[in-house]
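Raw final_5.pdb, PDB, C-alpha atoms, pLDDT in the B column:
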ATOM      1  CA  MET A  13       0.000   0.000   0.000  1.00 55.00           C
ATOM      2  CA  ALA A  14       1.422   3.384  -1.022  1.00 60.00           C
ATOM      3  CA  THR A  15       1.852   6.039   1.613  1.00 68.00           C
ATOM      4  CA  VAL A  16       1.262   9.727   1.037  1.00 77.00           C
ATOM      5  CA  ASP A  17       3.729  12.267   2.457  1.00 87.00           C
ATOM      6  CA  VAL A  18       2.587  15.892   2.409  1.00 90.00           C
ATOM      7  CA  PHE A  19       5.031  18.804   2.743  1.00 89.00           C
ATOM      8  CA  HIS A  20       4.290  22.376   3.835  1.00 89.00           C
ATOM      9  CA  HIS A  21       6.499  25.461   4.141  1.00 87.00           C
ATOM     10  CA  ASN A  22       4.042  26.501   6.889  1.00 86.00           C
ATOM     11  CA  VAL A  23       3.264  29.829   5.246  1.00 84.00           C
ATOM     12  CA  PRO A  24      -0.143  31.533   5.411  1.00 82.00           C
ATOM     13  CA  ALA A  25      -0.916  30.980   1.718  1.00 82.00           C
ATOM     14  CA  GLU A  26      -1.161  27.217   2.277  1.00 86.00           C
ATOM     15  CA  SER A  27      -4.152  27.536   4.579  1.00 87.00           C
ATOM     16  CA  ASP A  28      -5.527  30.622   2.813  1.00 87.00           C
ATOM     17  CA  PHE A  29      -5.662  28.792  -0.543  1.00 87.00           C
ATOM     18  CA  GLY A  30      -6.009  25.225   0.803  1.00 88.00           C
ATOM     19  CA  TYR A  31      -3.039  23.479  -0.794  1.00 91.00           C
ATOM     20  CA  SER A  32       0.157  21.582  -0.011  1.00 91.00           C
ATOM     21  CA  GLN A  33       3.584  22.519  -1.286  1.00 93.00           C
ATOM     22  CA  ALA A  34       4.237  18.917  -2.271  1.00 96.00           C
ATOM     23  CA  ILE A  35       2.713  15.472  -2.093  1.00 96.00           C
ATOM     24  CA  LYS A  36       4.708  12.271  -2.390  1.00 96.00           C
ATOM     25  CA  SER A  37       2.622   9.375  -3.598  1.00 92.00           C
ATOM     26  CA  GLY A  38       4.494   6.198  -4.379  1.00 92.00           C
ATOM     27  CA  ASP A  39       7.751   7.042  -6.147  1.00 95.00           C
ATOM     28  CA  LEU A  40       6.652  10.473  -7.411  1.00 97.00           C
ATOM     29  CA  ILE A  41       6.655  13.847  -5.698  1.00 97.00           C
ATOM     30  CA  HIS A  42       4.334  16.464  -7.204  1.00 98.00           C
ATOM     31  CA  VAL A  43       5.421  19.956  -6.213  1.00 98.00           C
ATOM     32  CA  SER A  44       3.178  23.023  -6.326  1.00 97.00           C
ATOM     33  CA  GLY A  45       4.433  26.217  -7.918  1.00 97.00           C
ATOM     34  CA  GLN A  46       7.375  27.544  -5.949  1.00 97.00           C
ATOM     35  CA  LEU A  47       8.183  31.234  -5.865  1.00 96.00           C
ATOM     36  CA  SER A  48      10.282  33.859  -4.160  1.00 97.00           C
ATOM     37  CA  LEU A  49       9.151  33.586  -0.535  1.00 93.00           C
ATOM     38  CA  ASP A  50      11.035  34.047   2.713  1.00 90.00           C
ATOM     39  CA  GLU A  51      10.716  31.788   5.777  1.00 84.00           C
ATOM     40  CA  ALA A  52       7.576  33.643   6.939  1.00 84.00           C
ATOM     41  CA  GLY A  53       5.873  33.326   3.553  1.00 85.00           C
ATOM     42  CA  GLU A  54       6.427  36.945   2.545  1.00 90.00           C
ATOM     43  CA  PHE A  55       6.973  37.574  -1.158  1.00 94.00           C
ATOM     44  CA  LEU A  56      10.470  38.873  -1.930  1.00 97.00           C
ATOM     45  CA  HIS A  57      12.083  40.851  -4.754  1.00 97.00           C
ATOM     46  CA  ALA A  58       9.080  42.358  -6.541  1.00 97.00           C
ATOM     47  CA  ASP A  59       9.983  43.292 -10.117  1.00 96.00           C
ATOM     48  CA  ASP A  60      13.521  41.825  -9.832  1.00 96.00           C
ATOM     49  CA  PHE A  61      13.442  38.758 -12.064  1.00 96.00           C
ATOM     50  CA  ALA A  62      16.968  37.483 -11.344  1.00 93.00           C
ATOM     51  CA  ALA A  63      16.558  37.769  -7.566  1.00 96.00           C
ATOM     52  CA  GLN A  64      13.141  36.079  -7.694  1.00 97.00           C
ATOM     53  CA  LEU A  65      14.493  33.194  -9.730  1.00 95.00           C
ATOM     54  CA  LYS A  66      17.412  32.719  -7.333  1.00 94.00           C
ATOM     55  CA  GLN A  67      15.053  32.684  -4.316  1.00 96.00           C
ATOM     56  CA  THR A  68      12.648  30.350  -6.121  1.00 97.00           C
ATOM     57  CA  TYR A  69      15.464  27.814  -6.495  1.00 96.00           C
ATOM     58  CA  VAL A  70      16.107  28.158  -2.740  1.00 95.00           C
ATOM     59  CA  THR A  71      12.463  27.271  -2.009  1.00 95.00           C
ATOM     60  CA  MET A  72      12.636  24.378  -4.507  1.00 96.00           C
ATOM     61  CA  ASP A  73      15.704  23.046  -2.687  1.00 97.00           C
ATOM     62  CA  LYS A  74      13.805  23.107   0.625  1.00 94.00           C
ATOM     63  CA  VAL A  75      11.240  20.723  -0.858  1.00 96.00           C
ATOM     64  CA  LEU A  76      13.967  18.465  -2.263  1.00 97.00           C
ATOM     65  CA  ASP A  77      15.787  18.450   1.092  1.00 97.00           C
ATOM     66  CA  HIS A  78      12.598  17.468   2.928  1.00 95.00           C
ATOM     67  CA  TYR A  79      12.296  14.341   0.802  1.00 96.00           C
ATOM     68  CA  GLY A  80      16.028  13.586   0.670  1.00 96.00           C
ATOM     69  CA  VAL A  81      16.168  13.881  -3.126  1.00 97.00           C
ATOM     70  CA  THR A  82      18.268  15.943  -5.514  1.00 97.00           C
ATOM     71  CA  ARG A  83      17.832  18.130  -8.571  1.00 97.00           C
ATOM     72  CA  ASN A  84      18.927  15.179 -10.705  1.00 96.00           C
ATOM     73  CA  GLN A  85      15.688  13.418  -9.767  1.00 98.00           C
ATOM     74  CA  ILE A  86      13.454  16.187 -11.125  1.00 98.00           C
ATOM     75  CA  VAL A  87      11.866  14.664 -14.229  1.00 98.00           C
ATOM     76  CA  SER A  88       9.711  17.583 -15.360  1.00 98.00           C
ATOM     77  CA  GLN A  89       9.103  21.210 -14.589  1.00 98.00           C
ATOM     78  CA  THR A  90       6.687  23.912 -15.636  1.00 98.00           C
ATOM     79  CA  LEU A  91       7.817  27.514 -15.463  1.00 98.00           C
ATOM     80  CA  TYR A  92       5.320  30.385 -15.523  1.00 98.00           C
ATOM     81  CA  VAL A  93       7.084  33.575 -16.582  1.00 98.00           C
ATOM     82  CA  VAL A  94       5.789  37.130 -16.844  1.00 98.00           C
ATOM     83  CA  ASP A  95       7.332  38.973 -19.827  1.00 96.00           C
ATOM     84  CA  LEU A  96       8.702  35.729 -21.227  1.00 97.00           C
ATOM     85  CA  ARG A  97      10.391  37.288 -24.248  1.00 96.00           C
ATOM     86  CA  GLN A  98      12.231  39.739 -22.026  1.00 96.00           C
ATOM     87  CA  ASN A  99      13.179  37.069 -19.463  1.00 96.00           C
ATOM     88  CA  ALA A 100      13.806  34.049 -21.731  1.00 96.00           C
ATOM     89  CA  ALA A 101      17.595  34.366 -21.785  1.00 95.00           C
ATOM     90  CA  ALA A 102      17.745  34.679 -17.989  1.00 95.00           C
ATOM     91  CA  VAL A 103      15.468  31.646 -17.608  1.00 95.00           C
ATOM     92  CA  ALA A 104      17.710  29.572 -19.881  1.00 94.00           C
ATOM     93  CA  ARG A 105      20.924  30.720 -18.172  1.00 94.00           C
ATOM     94  CA  CYS A 106      19.615  30.056 -14.666  1.00 94.00           C
ATOM     95  CA  ASN A 107      18.027  26.748 -15.656  1.00 94.00           C
ATOM     96  CA  LEU A 108      21.384  25.514 -16.985  1.00 95.00           C
ATOM     97  CA  ALA A 109      23.130  26.710 -13.829  1.00 95.00           C
ATOM     98  CA  TYR A 110      20.589  25.016 -11.551  1.00 96.00           C
ATOM     99  CA  PHE A 111      20.470  21.652 -13.341  1.00 96.00           C
ATOM    100  CA  GLY A 112      23.923  21.382 -14.901  1.00 94.00           C
ATOM    101  CA  ASP A 113      24.039  18.395 -17.244  1.00 93.00           C
ATOM    102  CA  HIS A 114      20.673  17.087 -16.025  1.00 93.00           C
ATOM    103  CA  GLY A 115      17.891  18.375 -18.246  1.00 92.00           C
ATOM    104  CA  PRO A 116      14.368  17.538 -17.088  1.00 97.00           C
ATOM    105  CA  ALA A 117      11.392  17.766 -19.421  1.00 98.00           C
ATOM    106  CA  SER A 118      10.400  21.405 -19.341  1.00 97.00           C
ATOM    107  CA  THR A 119       7.486  23.604 -20.315  1.00 97.00           C
ATOM    108  CA  VAL A 120       7.833  27.374 -20.171  1.00 97.00           C
ATOM    109  CA  VAL A 121       4.607  29.359 -20.271  1.00 97.00           C
ATOM    110  CA  GLY A 122       4.423  33.114 -20.727  1.00 97.00           C
ATOM    111  CA  VAL A 123       1.729  34.655 -18.536  1.00 98.00           C
ATOM    112  CA  THR A 124       0.442  38.181 -18.034  1.00 97.00           C
ATOM    113  CA  GLU A 125       0.545  38.078 -14.240  1.00 97.00           C
ATOM    114  CA  LEU A 126       1.010  35.843 -11.216  1.00 97.00           C
ATOM    115  CA  THR A 127      -0.326  35.972  -7.650  1.00 92.00           C
ATOM    116  CA  PHE A 128       1.731  38.775  -6.089  1.00 94.00           C
ATOM    117  CA  PRO A 129       2.231  42.260  -7.541  1.00 96.00           C
ATOM    118  CA  GLY A 130       5.660  42.247  -9.170  1.00 97.00           C
ATOM    119  CA  GLN A 131       5.908  38.439  -9.204  1.00 98.00           C
ATOM    120  CA  ALA A 132       7.643  37.320 -12.408  1.00 98.00           C
ATOM    121  CA  ILE A 133       8.314  33.572 -11.995  1.00 98.00           C
ATOM    122  CA  GLU A 134       6.738  30.434 -10.530  1.00 98.00           C
ATOM    123  CA  ILE A 135       8.003  26.875 -10.992  1.00 98.00           C
ATOM    124  CA  SER A 136       6.211  23.569 -10.375  1.00 98.00           C
ATOM    125  CA  PHE A 137       7.919  20.234 -10.837  1.00 98.00           C
ATOM    126  CA  VAL A 138       7.745  16.448 -10.506  1.00 98.00           C
ATOM    127  CA  VAL A 139      10.418  14.286  -8.884  1.00 98.00           C
ATOM    128  CA  ASP A 140      10.996  10.554  -9.392  1.00 98.00           C
ATOM    129  CA  THR A 141      12.542   9.190  -6.202  1.00 97.00           C
ATOM    130  CA  LYS A 142      13.690   6.008  -7.959  1.00 96.00           C
ATOM    131  CA  LEU A 143      16.136   7.839 -10.203  1.00 94.00           C
ATOM    132  CA  PRO A 144      19.772   7.872  -9.069  1.00 90.00           C
ATOM    133  CA  VAL A 145      20.823  10.944  -7.097  1.00 86.00           C
TER     134      VAL A 145
END
Let's see the structure in the file written out as structure tokens.
Amino acid sequence: MATVDVFHHNVPAESDFGYSQAIKSGDLIHVSGQLSLDEAGEFLHADDFAAQLKQTYVTMDKVLDHYGVTRNQIVSQTLYVVDLRQNAAAVARCNLAYFGDHGPASTVVGVTELTFPGQAIEISFVVDTKLPV
């Protein structure tokens, strides 16, 4: 019987919107959109794309650390980017830096806005715990 492991950052948005940051079911971990939040759940770096992306990777790593997995086990990601044409090169550069030689399946979607004023990036992803670290 598969067990379900739910992860929370314990930020107000989780109860306000009624969601989990991640759910592990079987060998897969489905991770909700991660963004530039601090430990208290406050949005950081409005209108600063590079700083938001860097902080988003920090929040992604917190989820990975909770489950004892690595970036190399991310099998797919979806990036939601405001002003995609303007930010495409930065997305590509940072994605390569974050993943190195590991390239998960990836979908990048240009959007007109995200939840917080000045928010420019949000990333959801799926992890396969059976892949080598």
Output check: residues returned by the PyMOL selection byres ((chain A and resi 51) around 12), as a ChimeraX atom specification: /A:20-24,47-50,52-56,67,70-71,74
I'd like the contact shell of Val16 in chain A - 8 Å cut-off, all atoms listed in the file, skipping same-chain residues fewer than 6 positions apart - returned as a PyMOL selection string. chain A and resi 35-38
Okay, now the selection with C-alpha atoms, as a PDB file, in the coordinates of the input?
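Result file is out-v7.pdb:
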ATOM      1  CA  ILE A  35       2.713  15.472  -2.093  1.00 96.00           C
ATOM      2  CA  LYS A  36       4.708  12.271  -2.390  1.00 96.00           C
ATOM      3  CA  SER A  37       2.622   9.375  -3.598  1.00 92.00           C
ATOM      4  CA  GLY A  38       4.494   6.198  -4.379  1.00 92.00           C
TER       5      GLY A  38
END
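Distances from A:Ile41, A:Val145, A:Val81, A:Cys106 to Tyr69 in chain A were compared using all atoms listed in the file, and the smallest one belongs to A:Cys106.
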Taking (0.7, 20.0, 1.9) in the file's coordinates as the center, which residues reach within 6 Å of it, counting all atoms listed in the file, put as number ranges by chain? A: 18-20, 31-34
Tell me which protein, DNA and RNA residues are within 12 Å of Asn84 in chain A, counting all atoms listed in the file, leaving out same-chain ones fewer than 4 positions away, and put them as number ranges by chain. A: 73, 76, 80, 88, 110-117, 138-145
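Between Gly45 in chain A and the candidates A:Val123, A:Ile133, A:Ala62, A:Val103, the tightest atom-to-atom separation, counting all atoms listed in the file, involves A:Ile133.
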Go through the shown structure with the PyMOL selection byres ((chain A and resi 100) around 12) and write out the matching residues as a tab-separated table (two decimals) with C-alpha atoms, in the frame of the given file.
chain	number	residue	atom	x	y	z
A	61	PHE	CA	13.44	38.76	-12.06
A	62	ALA	CA	16.97	37.48	-11.34
A	91	LEU	CA	7.82	27.51	-15.46
A	92	TYR	CA	5.32	30.38	-15.52
A	93	VAL	CA	7.08	33.58	-16.58
A	94	VAL	CA	5.79	37.13	-16.84
A	95	ASP	CA	7.33	38.97	-19.83
A	96	LEU	CA	8.70	35.73	-21.23
A	97	ARG	CA	10.39	37.29	-24.25
A	98	GLN	CA	12.23	39.74	-22.03
A	99	ASN	CA	13.18	37.07	-19.46
A	101	ALA	CA	17.60	34.37	-21.78
A	102	ALA	CA	17.74	34.68	-17.99
A	103	VAL	CA	15.47	31.65	-17.61
A	104	ALA	CA	17.71	29.57	-19.88
A	105	ARG	CA	20.92	30.72	-18.17
A	106	CYS	CA	19.61	30.06	-14.67
A	107	ASN	CA	18.03	26.75	-15.66
A	120	VAL	CA	7.83	27.37	-20.17
A	121	VAL	CA	4.61	29.36	-20.27
A	122	GLY	CA	4.42	33.11	-20.73
A	132	ALA	CA	7.64	37.32	-12.41
A	133	ILE	CA	8.31	33.57	-12.00
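CA of Val75 in chain A is found 20.3 Å from CA of Thr127 in chain A.
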Could you put an axis-aligned box around every listed atom of range 109-113 of chain A, padded by 8 Å on each side, and send me its centre and edge lengths in Å to one decimal, as JSON?
{"center_x": 22.3, "center_y": 22.6, "center_z": -14.4, "size_x": 19.6, "size_y": 24.3, "size_z": 21.7}
CA of Asp17 in chain A to CA of Gln131 in chain A, straight-line distance in Å: 28.7 Å
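CA of Val87 in chain A sits 28.7 Å away from CA of Gly130 in chain A.
Using only C-alpha atoms for every distance, the candidate list A:Glu134, A:Asp39, A:Glu125, A:Asp28 yields A:Asp39 as the residue closest to Gln85 in chain A.
Closest to Ala25 in chain A among A:Phe128, A:His42, A:Ala109, A:Met72 is A:Phe128, based on only C-alpha atoms.
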Between A:Thr82, A:Ser44, A:Thr124, A:Thr68, single out the one closest to Glu26 in chain A, counting all atoms listed in the file. A:Ser44
